[in-house]
$ cat data.txt   # compact mmCIF, C-alpha atoms
# COMPACT_ATOMS: atom_id res chain seq x y z
CA MET O 1 0.00 0.00 0.00
CA GLU O 2 2.79 2.40 0.97
CA ARG O 3 4.67 1.73 -2.25
CA ASN O 4 1.60 2.62 -4.33
CA ALA O 5 1.03 5.93 -2.59
CA PRO O 6 3.35 8.16 -4.73
CA GLY O 7 1.92 6.69 -7.95
CA ARG O 8 -1.64 7.30 -6.79
CA LYS O 9 -0.72 10.84 -5.78
CA THR O 10 0.70 11.53 -9.24
CA ILE O 11 -2.46 10.20 -10.91
CA SER O 12 -4.74 12.24 -8.66
CA ASN O 13 -2.56 15.34 -9.22
CA LEU O 14 -2.77 14.81 -12.99
CA TYR O 15 -6.55 14.43 -12.73
CA ILE O 16 -6.89 17.61 -10.65
CA THR O 17 -4.64 19.57 -13.04
CA PHE O 18 -6.61 18.30 -16.05
CA MET O 19 -9.94 19.21 -14.41
CA GLN O 20 -8.66 22.67 -13.44
CA TRP O 21 -7.37 23.30 -16.95
CA ILE O 22 -10.60 22.19 -18.61
CA THR O 23 -12.71 24.16 -16.10
CA GLN O 24 -10.64 27.30 -16.76
CA LEU O 25 -11.02 26.82 -20.51
CA PHE O 26 -14.80 26.37 -20.30
CA THR O 27 -15.15 29.25 -17.82
CA PHE O 28 -13.16 31.49 -20.16
CA GLY O 29 -15.44 30.49 -23.07
CA ILE O 30 -18.70 31.06 -21.21
CA VAL O 31 -17.54 34.34 -19.66
CA GLU O 32 -16.49 35.59 -23.12
CA PHE O 33 -19.91 34.67 -24.54
CA TYR O 34 -21.53 36.32 -21.52
CA THR O 35 -19.68 39.59 -22.08
CA LEU O 36 -20.58 39.35 -25.78
CA THR O 37 -24.32 38.70 -25.30
CA GLY O 38 -24.81 40.17 -21.83
CA ASN O 39 -26.92 37.16 -20.89
CA LEU O 40 -25.88 33.92 -19.20
CA GLY O 41 -28.65 31.88 -20.86
CA TRP O 42 -27.56 32.83 -24.35
CA ALA O 43 -23.92 32.28 -23.34
CA ILE O 44 -24.78 28.69 -22.29
CA ILE O 45 -26.74 28.11 -25.52
CA ILE O 46 -23.89 29.39 -27.74
CA PHE O 47 -21.34 27.43 -25.70
CA THR O 48 -23.38 24.22 -26.08
CA LEU O 49 -23.88 24.68 -29.80
CA LEU O 50 -20.18 25.39 -30.31
CA LEU O 51 -19.14 22.34 -28.29
CA ARG O 52 -21.58 20.07 -30.13
CA SER O 53 -20.50 21.50 -33.49
CA LEU O 54 -16.89 20.64 -32.63
CA LEU O 55 -17.93 17.07 -31.76
CA PHE O 56 -20.26 16.76 -34.77
CA PRO O 57 -17.73 15.46 -37.34
CA LEU O 58 -16.56 12.82 -34.86
CA SER O 59 -20.02 11.44 -34.25
CA LEU O 60 -21.50 11.77 -37.75
CA SER O 61 -19.67 8.82 -39.33
CA SER O 62 -20.56 6.59 -36.39
CA GLN O 63 -24.16 7.75 -36.56
CA ARG O 64 -24.36 6.93 -40.27
CA ALA O 65 -22.98 3.45 -39.57
CA MET O 66 -25.54 3.02 -36.78
CA GLN O 67 -28.29 4.10 -39.15
CA LYS O 68 -27.14 1.51 -41.66
CA MET O 69 -27.31 -1.07 -38.90
CA ARG O 70 -30.85 -0.02 -38.06
CA GLU O 71 -31.76 -0.43 -41.74
CA LEU O 72 -30.32 -3.93 -41.61
CA GLN O 73 -32.49 -4.79 -38.59
CA PRO O 74 -35.20 -6.54 -40.68
CA ALA O 75 -32.52 -8.74 -42.26
CA LEU O 76 -31.11 -9.45 -38.78
CA ASP O 77 -34.59 -10.44 -37.55
CA LYS O 78 -34.85 -12.84 -40.48
CA LEU O 79 -31.50 -14.38 -39.53
CA LYS O 80 -32.69 -14.86 -35.95
CA THR O 81 -35.84 -16.69 -37.06
CA LYS O 82 -33.81 -18.72 -39.58
CA HIS O 83 -31.17 -19.95 -37.14
CA GLY O 84 -33.38 -20.23 -34.06
CA LYS O 85 -31.36 -20.76 -30.89
CA ASP O 86 -28.04 -21.51 -32.61
CA LYS O 87 -26.22 -18.41 -31.35
CA LYS O 88 -22.94 -19.16 -33.10
CA ALA O 89 -24.66 -19.49 -36.47
CA ILE O 90 -26.51 -16.21 -35.84
CA GLN O 91 -23.26 -14.41 -34.98
CA GLN O 92 -21.54 -15.77 -38.08
CA ALA O 93 -24.46 -14.82 -40.32
CA GLN O 94 -24.56 -11.32 -38.73
CA LEU O 95 -20.87 -10.83 -39.38
CA GLU O 96 -21.28 -11.87 -43.02
CA LEU O 97 -24.25 -9.53 -43.40
CA TYR O 98 -22.22 -6.60 -42.00
CA GLN O 99 -19.29 -7.39 -44.26
CA LYS O 100 -21.57 -7.69 -47.30
CA ASN O 101 -23.12 -4.30 -46.58
CA LYS O 102 -19.79 -2.74 -45.60
CA VAL O 103 -20.96 -1.83 -42.11
CA ASN O 104 -18.42 -1.52 -39.35
CA PRO O 105 -19.95 0.52 -36.57
CA VAL O 106 -18.16 -1.26 -33.78
CA ALA O 107 -15.17 0.04 -31.85
CA GLY O 108 -13.23 -0.49 -28.69
CA CYS O 109 -14.30 1.10 -25.42
CA ILE O 110 -12.01 4.14 -25.84
CA PRO O 111 -14.63 6.34 -27.61
CA GLN O 112 -17.20 5.60 -24.90
CA ILE O 113 -14.67 6.31 -22.15
CA ILE O 114 -13.82 9.64 -23.82
CA GLN O 115 -17.53 10.45 -24.05
CA LEU O 116 -18.02 9.62 -20.36
CA VAL O 117 -15.03 11.76 -19.34
CA ILE O 118 -16.39 14.75 -21.33
CA LEU O 119 -19.80 14.20 -19.70
CA ILE O 120 -18.37 14.16 -16.16
CA VAL O 121 -16.15 17.18 -16.85
CA LEU O 122 -19.11 19.19 -18.20
CA TYR O 123 -21.37 18.20 -15.30
CA ARG O 124 -18.76 19.23 -12.74
CA PHE O 125 -17.94 22.42 -14.63
CA PHE O 126 -21.58 23.57 -14.77
CA LEU O 127 -22.20 22.85 -11.10
CA ASP O 128 -19.02 24.71 -10.16
CA PHE O 129 -19.61 27.64 -12.53
CA LEU O 130 -23.24 28.13 -11.52
CA GLY O 131 -22.24 28.12 -7.84
CA HIS O 132 -20.27 31.37 -8.13
CA ASP O 133 -21.47 34.97 -8.49
CA VAL O 134 -18.20 36.17 -10.00
CA SER O 135 -16.19 34.29 -12.64
CA ASN O 136 -12.88 35.54 -14.09
CA GLY O 137 -13.55 38.91 -12.48
CA VAL O 138 -16.94 39.30 -14.20
CA THR O 139 -20.13 39.50 -12.12
CA ILE O 140 -22.62 37.10 -13.66
CA ASN O 141 -26.33 37.94 -13.81
CA PRO O 142 -28.07 34.54 -13.71
CA THR O 143 -31.47 35.75 -14.97
CA PHE O 144 -32.69 34.33 -18.28
CA TYR O 145 -36.33 35.14 -19.11
CA TRP O 146 -38.31 33.62 -16.19
CA LEU O 147 -35.34 31.53 -15.00
CA ASP O 148 -32.75 32.02 -12.33
CA LEU O 149 -30.08 29.79 -13.86
CA ARG O 150 -28.55 29.06 -10.45
CA HIS O 151 -31.73 27.43 -9.14
CA PRO O 152 -34.19 24.82 -10.43
CA ASP O 153 -37.07 26.09 -12.59
CA SER O 154 -39.98 26.84 -10.26
CA LEU O 155 -42.47 26.93 -13.18
CA TYR O 156 -41.48 23.39 -14.31
CA ILE O 157 -41.26 24.52 -17.95
CA LEU O 158 -37.62 23.55 -18.45
CA PRO O 159 -37.98 20.08 -16.81
CA ILE O 160 -41.03 19.35 -19.00
CA LEU O 161 -39.14 20.56 -22.08
CA ALA O 162 -36.14 18.40 -21.11
CA GLY O 163 -38.39 15.35 -20.73
CA LEU O 164 -40.23 15.98 -24.01
CA THR O 165 -37.08 16.53 -26.09
CA GLN O 166 -35.59 13.41 -24.54
CA LEU O 167 -38.73 11.44 -25.45
CA VAL O 168 -38.57 12.63 -29.07
CA LEU O 169 -34.89 11.68 -29.30
CA SER O 170 -35.49 8.27 -27.70
CA LEU O 171 -38.30 7.54 -30.16
CA MET O 172 -36.15 8.65 -33.09
CA MET O 173 -33.32 6.39 -31.94
CA ALA O 174 -35.58 3.35 -31.49
CA PRO O 175 -34.98 0.68 -34.16
CA LEU O 176 -37.52 0.40 -36.98
CA LYS O 177 -39.81 -2.62 -36.57
CA SER O 178 -39.69 -5.01 -39.50
CA PRO O 179 -42.90 -6.74 -40.71
CA GLU O 180 -41.26 -10.03 -39.63
CA ALA O 181 -40.80 -8.80 -36.09
CA LYS O 182 -44.34 -7.42 -35.98
CA LYS O 183 -45.74 -10.76 -37.23
CA HIS O 184 -43.68 -12.61 -34.66
CA LYS O 185 -45.00 -10.35 -31.90
CA SER O 186 -48.63 -10.59 -32.99
CA THR O 187 -48.66 -14.39 -33.14
CA LYS O 188 -46.76 -14.96 -29.94
CA LYS O 189 -46.70 -13.19 -26.59
CA GLU O 190 -43.29 -11.73 -25.80
CA PRO O 191 -41.35 -14.38 -23.92
CA ALA O 192 -39.65 -13.73 -20.63
CA PRO O 193 -36.06 -12.60 -21.18
CA GLU O 194 -33.74 -15.54 -21.01
CA GLY O 195 -30.30 -14.26 -21.88
CA ILE O 196 -28.28 -11.12 -21.35
CA ALA O 197 -29.01 -9.84 -24.85
CA ASP O 198 -32.78 -10.30 -24.41
CA MET O 199 -32.75 -8.53 -21.06
CA ALA O 200 -30.62 -5.70 -22.45
CA GLN O 201 -33.05 -5.27 -25.35
CA THR O 202 -36.05 -5.22 -23.00
CA MET O 203 -34.34 -2.68 -20.78
CA GLN O 204 -33.50 -0.49 -23.79
CA LYS O 205 -37.16 -0.50 -24.83
CA GLN O 206 -38.17 0.54 -21.31
CA MET O 207 -35.47 3.22 -21.30
CA VAL O 208 -37.32 4.99 -24.15
CA PHE O 209 -39.90 6.07 -21.55
CA MET O 210 -37.81 5.93 -18.38
CA MET O 211 -35.10 8.28 -19.63
CA PRO O 212 -37.45 11.25 -20.31
CA LEU O 213 -38.87 10.89 -16.79
CA PHE O 214 -35.39 10.69 -15.33
CA THR O 215 -34.26 13.74 -17.34
CA ALA O 216 -37.26 15.74 -16.12
CA PHE O 217 -36.52 14.70 -12.54
CA ILE O 218 -32.85 15.73 -12.86
CA ALA O 219 -33.87 19.06 -14.40
CA LEU O 220 -36.13 19.62 -11.38
CA GLN O 221 -33.34 18.97 -8.90
CA PHE O 222 -30.35 20.73 -10.48
CA PRO O 223 -29.69 24.38 -11.43
CA SER O 224 -31.63 25.57 -14.49
CA GLY O 225 -28.33 26.35 -16.24
CA LEU O 226 -27.51 22.65 -16.34
CA ALA O 227 -31.06 21.82 -17.46
CA LEU O 228 -30.80 24.47 -20.20
CA TYR O 229 -27.56 22.89 -21.39
CA TRP O 230 -29.27 19.47 -21.40
CA VAL O 231 -32.25 20.73 -23.42
CA VAL O 232 -30.04 22.44 -26.01
CA THR O 233 -27.73 19.45 -26.40
CA THR O 234 -30.75 17.11 -26.80
CA ILE O 235 -32.28 19.39 -29.45
CA PHE O 236 -28.92 19.35 -31.24
CA SER O 237 -28.98 15.53 -31.07
CA ILE O 238 -32.53 15.49 -32.51
CA ILE O 239 -31.44 17.67 -35.46
CA GLN O 240 -28.36 15.51 -35.95
CA GLN O 241 -30.51 12.36 -35.90
CA TYR O 242 -33.00 13.93 -38.32
CA TYR O 243 -30.11 14.74 -40.66
CA VAL O 244 -29.11 11.05 -40.64
CA SER O 245 -32.42 9.16 -40.51
CA GLY O 246 -35.36 11.56 -40.73
CA PHE O 247 -38.50 11.03 -38.66
CA ASP O 248 -39.28 7.45 -39.86
CA SER O 249 -38.73 5.75 -36.51
CA LEU O 250 -40.57 8.50 -34.62
CA LYS O 251 -43.59 8.24 -36.96
CA GLN O 252 -43.64 4.45 -36.63
CA GLN O 253 -43.46 4.58 -32.84
CA VAL O 254 -46.18 7.22 -32.57
CA SER O 255 -48.54 5.44 -35.00
CA GLY O 256 -47.89 2.15 -33.14
CA ALA O 257 -48.77 3.80 -29.83
CA LEU O 258 -51.92 5.38 -31.33
CA GLN O 259 -53.02 2.00 -32.72
CA LYS O 260 -52.53 0.44 -29.29
CA ILE O 261 -54.63 3.17 -27.65
CA GLN O 262 -57.40 2.74 -30.25
CA GLY O 263 -57.25 -1.05 -29.77
CA ALA O 264 -57.57 -0.66 -26.01
CA ARG O 265 -60.59 1.66 -26.38
CA SER O 266 -62.52 -0.60 -28.78
CA MET G 1 -31.44 -9.20 -9.99
CA LEU G 2 -27.81 -8.86 -11.05
CA LEU G 3 -28.80 -9.23 -14.70
CA ALA G 4 -31.49 -6.57 -14.32
CA PHE G 5 -29.00 -4.21 -12.65
CA TYR G 6 -26.41 -4.79 -15.38
CA SER G 7 -28.97 -4.30 -18.17
CA PHE G 8 -30.36 -1.16 -16.53
CA THR G 9 -26.96 0.51 -16.07
CA ARG G 10 -25.98 -0.40 -19.64
CA ALA G 11 -29.21 0.95 -21.12
CA PHE G 12 -28.95 4.06 -18.92
CA ARG G 13 -25.35 4.77 -19.97
CA GLN G 14 -26.31 4.38 -23.62
CA ALA G 15 -29.34 6.66 -23.24
CA VAL G 16 -27.30 9.38 -21.50
CA LEU G 17 -24.48 9.25 -24.05
CA THR G 18 -26.96 9.27 -26.94
CA SER G 19 -28.58 12.38 -25.55
CA MET G 20 -25.21 14.06 -25.02
CA PHE G 21 -23.41 13.07 -28.20
CA GLY G 22 -26.11 11.80 -30.55
CA VAL G 23 -24.49 8.40 -30.86
CA VAL G 24 -23.09 5.53 -28.84
CA ILE G 25 -20.55 3.38 -30.63
CA PRO G 26 -21.24 -0.27 -29.82
CA CYS G 27 -18.55 -2.61 -28.57
CA LYS G 28 -16.59 -4.68 -31.06
CA HIS G 29 -16.44 -7.75 -28.86
CA THR G 30 -19.12 -10.41 -28.54
CA PRO G 31 -19.60 -11.10 -25.70
CA THR G 32 -18.59 -7.70 -24.34
CA CYS G 33 -16.32 -7.45 -21.31
CA GLY G 34 -19.34 -6.40 -19.25
CA GLN G 35 -21.27 -9.51 -20.30
CA ARG G 36 -18.22 -11.67 -19.58
CA MET G 37 -17.87 -10.09 -16.14
CA LEU G 38 -21.55 -10.61 -15.42
CA VAL G 39 -21.29 -14.31 -16.25
CA ALA G 40 -18.11 -14.53 -14.17
CA VAL G 41 -19.80 -12.98 -11.13
CA ARG G 42 -22.85 -15.21 -11.52
CA THR G 43 -20.75 -18.37 -11.79
CA HIS G 44 -18.12 -17.22 -9.22
CA SER G 45 -15.41 -17.99 -11.77
CA TRP G 46 -12.10 -16.22 -11.12
CA SER G 47 -10.65 -17.27 -14.47
CA ALA G 48 -13.66 -15.79 -16.30
CA MET G 49 -13.19 -12.60 -14.30
CA LEU G 50 -9.55 -12.46 -15.36
CA GLN G 51 -10.55 -13.00 -18.99
CA ALA G 52 -13.08 -10.17 -18.76
CA GLY G 53 -10.48 -7.91 -17.18
CA LYS G 54 -7.95 -8.83 -19.85
CA GLN G 55 -10.46 -8.03 -22.60
CA LEU G 56 -11.17 -4.64 -21.03
CA VAL G 57 -7.50 -3.74 -20.58
CA THR G 58 -6.50 -4.82 -24.10
CA CYS G 59 -9.54 -3.23 -25.80
CA ILE G 60 -8.52 -0.36 -28.10
$ encode --input "data.txt" --output "structure tokens"
Amino acid sequence: MERNAPGRKTISNLYITFMQWITQLFTFGIVEFYTLTGNLGWAIIIFTLLLRSLLFPLSLSSQRAMQKMRELQPALDKLKTKHGKDKKAIQQAQLELYQKNKVNPVAGCIPQIIQLVILIVLYRFFLDFLGHDVSNGVTINPTFYWLDLRHPDSLYILPILAGLTQLVLSLMMAPLKSPEAKKHKSTKKEPAPEGIADMAQTMQKQMVFMMPLFTAFIALQFPSGLALYWVVTTIFSIIQQYYVSGFDSLKQQVSGALQKIQGARS
Amino acid sequence: MLLAFYSFTRAFRQAVLTSMFGVVIPCKHTPTCGQRMLVAVRTHSWSAMLQAGKQLVTCI
């Protein structure tokens, strides 16, 4: 334990230095936008859009590959019905299908780790920034329309907006249902999840509705500045998703839900 | 219970990252290191745990 102590100290020092540097950089950016616009809300919006625009080229190619995978979903469903419970045969057939269609959306865990680090850094930065009255020698006025960006929205408009935008994005990201899958579902009740993949898929379907509720709850608990950032970044994601796939999945999900409601009424 | 927890955290992470970045790049390994670790914990297999750890460390 004693021998590890200097190493651990160096790592924690590096982490603190990195966090301080990033926080200073972000603070500088937001304060500059604040002095430019004279409004913290607009400064956060411009900052978010700029950050997402910088990340846009990185995520676009992956998003296109993911879209291609979603388009291949009907073919994947066919493979699953064809091979039944032979998982190895399914995997092999999937691999061949991806190679045939030149899809390679997979990667190591590095991109996800980078994404998570950015997320944590931003979260910590916003909480820190919104906790101070003065940043870089500039007194910040936290008022933005009806909001005090340092406190949760008392009118619940921003939390509702956060939940709604999250719902739209979740529905847009949901995979398109193939006729095969629909037929399979209508003839047979959904079986209880057996494996990890089944459970993960079930959970992902539930997350479509759980995530908006969670987002709204978070927006209610945290400063409005953070909620504003979340709303803007989700809207950016919706536009980005529309650019790649349009509203097909959203339309299908909404019409499916409407049909279910009509079926329940009659 | 463990499976539900694993699936929930995985789905949650993906939902958060999708909202933040518009995309989550899926893992190249099947099974993923998380799935391997889950099986290892469920079966109390140290060797499976080591394999999962090795996959995570060598994943680029």
$ interface_residues --input "data.txt" --of "chain G" --to "chain O" --cutoff "10 Å" --atoms "all atoms listed in the file" --output "mmCIF file with C-alpha atoms, in the coordinates of the input"
data_model
loop_
_atom_site.group_PDB
_atom_site.id
_atom_site.type_symbol
_atom_site.label_atom_id
_atom_site.label_comp_id
_atom_site.auth_asym_id
_atom_site.auth_seq_id
_atom_site.Cartn_x
_atom_site.Cartn_y
_atom_site.Cartn_z
ATOM 1 C CA LEU G 3 -28.800 -9.230 -14.700
ATOM 2 C CA ALA G 4 -31.490 -6.570 -14.320
ATOM 3 C CA PHE G 5 -29.000 -4.210 -12.650
ATOM 4 C CA TYR G 6 -26.410 -4.790 -15.380
ATOM 5 C CA SER G 7 -28.970 -4.300 -18.170
ATOM 6 C CA PHE G 8 -30.360 -1.160 -16.530
ATOM 7 C CA THR G 9 -26.960 0.510 -16.070
ATOM 8 C CA ARG G 10 -25.980 -0.400 -19.640
ATOM 9 C CA ALA G 11 -29.210 0.950 -21.120
ATOM 10 C CA PHE G 12 -28.950 4.060 -18.920
ATOM 11 C CA ARG G 13 -25.350 4.770 -19.970
ATOM 12 C CA GLN G 14 -26.310 4.380 -23.620
ATOM 13 C CA ALA G 15 -29.340 6.660 -23.240
ATOM 14 C CA VAL G 16 -27.300 9.380 -21.500
ATOM 15 C CA LEU G 17 -24.480 9.250 -24.050
ATOM 16 C CA THR G 18 -26.960 9.270 -26.940
ATOM 17 C CA SER G 19 -28.580 12.380 -25.550
ATOM 18 C CA MET G 20 -25.210 14.060 -25.020
ATOM 19 C CA PHE G 21 -23.410 13.070 -28.200
ATOM 20 C CA GLY G 22 -26.110 11.800 -30.550
ATOM 21 C CA VAL G 23 -24.490 8.400 -30.860
ATOM 22 C CA VAL G 24 -23.090 5.530 -28.840
ATOM 23 C CA ILE G 25 -20.550 3.380 -30.630
ATOM 24 C CA PRO G 26 -21.240 -0.270 -29.820
ATOM 25 C CA CYS G 27 -18.550 -2.610 -28.570
ATOM 26 C CA LYS G 28 -16.590 -4.680 -31.060
ATOM 27 C CA HIS G 29 -16.440 -7.750 -28.860
ATOM 28 C CA THR G 30 -19.120 -10.410 -28.540
ATOM 29 C CA PRO G 31 -19.600 -11.100 -25.700
ATOM 30 C CA THR G 32 -18.590 -7.700 -24.340
ATOM 31 C CA CYS G 33 -16.320 -7.450 -21.310
ATOM 32 C CA GLN G 35 -21.270 -9.510 -20.300
ATOM 33 C CA LEU G 38 -21.550 -10.610 -15.420
ATOM 34 C CA VAL G 39 -21.290 -14.310 -16.250
ATOM 35 C CA LEU G 56 -11.170 -4.640 -21.030
ATOM 36 C CA VAL G 57 -7.500 -3.740 -20.580
ATOM 37 C CA THR G 58 -6.500 -4.820 -24.100
ATOM 38 C CA CYS G 59 -9.540 -3.230 -25.800
ATOM 39 C CA ILE G 60 -8.520 -0.360 -28.100
#
$ atom_distance --input "data.txt" --atom1 "atom CA of O:Gln67" --atom2 "atom CA of O:Ile160"
28.3 Å
$ atom_distance --input "data.txt" --atom1 "atom CA of G:Gly53" --atom2 "atom CA of G:Leu2"
18.4 Å
$ atom_distance --input "data.txt" --atom1 "atom CA of O:Lys82" --atom2 "atom CA of O:Gln253"
26.1 Å
$ residues_around --input "data.txt" --residues "O:Pro223" --least-positions-apart "5" --cutoff "10 Å" --atoms "all atoms listed in the file" --output "number ranges by chain"
O: 126-127, 130-131, 147-153, 218, 228
$ write_last_selection --input "data.txt" --atoms "C-alpha atoms" --output "PDB file, keeping the file's coordinate frame"
ATOM      1  CA  PHE O 126     -21.580  23.570 -14.770  1.00  0.00           C
ATOM      2  CA  LEU O 127     -22.200  22.850 -11.100  1.00  0.00           C
ATOM      3  CA  LEU O 130     -23.240  28.130 -11.520  1.00  0.00           C
ATOM      4  CA  GLY O 131     -22.240  28.120  -7.840  1.00  0.00           C
ATOM      5  CA  LEU O 147     -35.340  31.530 -15.000  1.00  0.00           C
ATOM      6  CA  ASP O 148     -32.750  32.020 -12.330  1.00  0.00           C
ATOM      7  CA  LEU O 149     -30.080  29.790 -13.860  1.00  0.00           C
ATOM      8  CA  ARG O 150     -28.550  29.060 -10.450  1.00  0.00           C
ATOM      9  CA  HIS O 151     -31.730  27.430  -9.140  1.00  0.00           C
ATOM     10  CA  PRO O 152     -34.190  24.820 -10.430  1.00  0.00           C
ATOM     11  CA  ASP O 153     -37.070  26.090 -12.590  1.00  0.00           C
ATOM     12  CA  ILE O 218     -32.850  15.730 -12.860  1.00  0.00           C
ATOM     13  CA  LEU O 228     -30.800  24.470 -20.200  1.00  0.00           C
TER      14      LEU O 228
END
$ closest_residue --input "data.txt" --among "O:Arg70, O:Leu54, O:Thr48, O:Ala162" --to "O:Val103" --atoms "all atoms listed in the file"
O:Arg70
$ residues_near_point --input "data.txt" --point "(-20.8, 31.5, -26.1)" --cutoff "6 Å" --atoms "only C-alpha atoms" --output "list in words"
Ile30, Phe33, Ala43, Ile46 and Phe47 of chain O
$ residues_around --input "data.txt" --residues "G:Leu50" --least-positions-apart "6" --cutoff "10 Å" --atoms "only C-alpha atoms" --output "PyMOL selection string"
chain G and resi 36-37+40+56
$ axis_aligned_box --input "data.txt" --around "stretch 16-19 of chain G" --padding-each-side "6 Å" --output "AutoDock Vina command-line options"
--center_x -26.5 --center_y 10.8 --center_z -24.2 --size_x 16.1 --size_y 15.1 --size_z 17.4
$ decode --input "data.txt" --residues "chain G" --atoms "C-alpha atoms" --output "PDB file, in the first residue's frame"
ATOM      1  CA  MET G   1     -31.436  -9.203  -9.985  1.00  0.00           C
ATOM      2  CA  LEU G   2     -27.805  -8.860 -11.053  1.00  0.00           C
ATOM      3  CA  LEU G   3     -28.799  -9.232 -14.700  1.00  0.00           C
ATOM      4  CA  ALA G   4     -31.488  -6.568 -14.322  1.00  0.00           C
ATOM      5  CA  PHE G   5     -29.004  -4.209 -12.654  1.00  0.00           C
ATOM      6  CA  TYR G   6     -26.412  -4.794 -15.383  1.00  0.00           C
ATOM      7  CA  SER G   7     -28.968  -4.297 -18.165  1.00  0.00           C
ATOM      8  CA  PHE G   8     -30.355  -1.163 -16.529  1.00  0.00           C
ATOM      9  CA  THR G   9     -26.959   0.505 -16.075  1.00  0.00           C
ATOM     10  CA  ARG G  10     -25.980  -0.405 -19.636  1.00  0.00           C
ATOM     11  CA  ALA G  11     -29.205   0.952 -21.123  1.00  0.00           C
ATOM     12  CA  PHE G  12     -28.950   4.058 -18.924  1.00  0.00           C
ATOM     13  CA  ARG G  13     -25.353   4.765 -19.974  1.00  0.00           C
ATOM     14  CA  GLN G  14     -26.313   4.384 -23.619  1.00  0.00           C
ATOM     15  CA  ALA G  15     -29.341   6.664 -23.238  1.00  0.00           C
ATOM     16  CA  VAL G  16     -27.299   9.384 -21.501  1.00  0.00           C
ATOM     17  CA  LEU G  17     -24.482   9.250 -24.053  1.00  0.00           C
ATOM     18  CA  THR G  18     -26.962   9.269 -26.942  1.00  0.00           C
ATOM     19  CA  SER G  19     -28.578  12.384 -25.549  1.00  0.00           C
ATOM     20  CA  MET G  20     -25.215  14.065 -25.015  1.00  0.00           C
ATOM     21  CA  PHE G  21     -23.409  13.074 -28.201  1.00  0.00           C
ATOM     22  CA  GLY G  22     -26.113  11.799 -30.550  1.00  0.00           C
ATOM     23  CA  VAL G  23     -24.494   8.400 -30.856  1.00  0.00           C
ATOM     24  CA  VAL G  24     -23.087   5.530 -28.838  1.00  0.00           C
ATOM     25  CA  ILE G  25     -20.552   3.385 -30.635  1.00  0.00           C
ATOM     26  CA  PRO G  26     -21.243  -0.267 -29.821  1.00  0.00           C
ATOM     27  CA  CYS G  27     -18.551  -2.611 -28.565  1.00  0.00           C
ATOM     28  CA  LYS G  28     -16.593  -4.677 -31.064  1.00  0.00           C
ATOM     29  CA  HIS G  29     -16.441  -7.753 -28.856  1.00  0.00           C
ATOM     30  CA  THR G  30     -19.115 -10.410 -28.544  1.00  0.00           C
ATOM     31  CA  PRO G  31     -19.600 -11.097 -25.696  1.00  0.00           C
ATOM     32  CA  THR G  32     -18.585  -7.697 -24.344  1.00  0.00           C
ATOM     33  CA  CYS G  33     -16.316  -7.448 -21.311  1.00  0.00           C
ATOM     34  CA  GLY G  34     -19.343  -6.398 -19.250  1.00  0.00           C
ATOM     35  CA  GLN G  35     -21.267  -9.512 -20.301  1.00  0.00           C
ATOM     36  CA  ARG G  36     -18.221 -11.671 -19.580  1.00  0.00           C
ATOM     37  CA  MET G  37     -17.868 -10.095 -16.139  1.00  0.00           C
ATOM     38  CA  LEU G  38     -21.551 -10.612 -15.415  1.00  0.00           C
ATOM     39  CA  VAL G  39     -21.289 -14.311 -16.250  1.00  0.00           C
ATOM     40  CA  ALA G  40     -18.107 -14.533 -14.166  1.00  0.00           C
ATOM     41  CA  VAL G  41     -19.799 -12.983 -11.129  1.00  0.00           C
ATOM     42  CA  ARG G  42     -22.847 -15.207 -11.516  1.00  0.00           C
ATOM     43  CA  THR G  43     -20.752 -18.367 -11.789  1.00  0.00           C
ATOM     44  CA  HIS G  44     -18.121 -17.221  -9.220  1.00  0.00           C
ATOM     45  CA  SER G  45     -15.413 -17.989 -11.772  1.00  0.00           C
ATOM     46  CA  TRP G  46     -12.103 -16.220 -11.125  1.00  0.00           C
ATOM     47  CA  SER G  47     -10.654 -17.272 -14.474  1.00  0.00           C
ATOM     48  CA  ALA G  48     -13.659 -15.793 -16.301  1.00  0.00           C
ATOM     49  CA  MET G  49     -13.190 -12.597 -14.303  1.00  0.00           C
ATOM     50  CA  LEU G  50      -9.554 -12.456 -15.355  1.00  0.00           C
ATOM     51  CA  GLN G  51     -10.551 -13.004 -18.988  1.00  0.00           C
ATOM     52  CA  ALA G  52     -13.084 -10.174 -18.757  1.00  0.00           C
ATOM     53  CA  GLY G  53     -10.476  -7.907 -17.180  1.00  0.00           C
ATOM     54  CA  LYS G  54      -7.950  -8.834 -19.850  1.00  0.00           C
ATOM     55  CA  GLN G  55     -10.456  -8.031 -22.597  1.00  0.00           C
ATOM     56  CA  LEU G  56     -11.167  -4.638 -21.029  1.00  0.00           C
ATOM     57  CA  VAL G  57      -7.502  -3.736 -20.585  1.00  0.00           C
ATOM     58  CA  THR G  58      -6.498  -4.817 -24.105  1.00  0.00           C
ATOM     59  CA  CYS G  59      -9.537  -3.232 -25.796  1.00  0.00           C
ATOM     60  CA  ILE G  60      -8.524  -0.364 -28.099  1.00  0.00           C
TER      61      ILE G  60
END
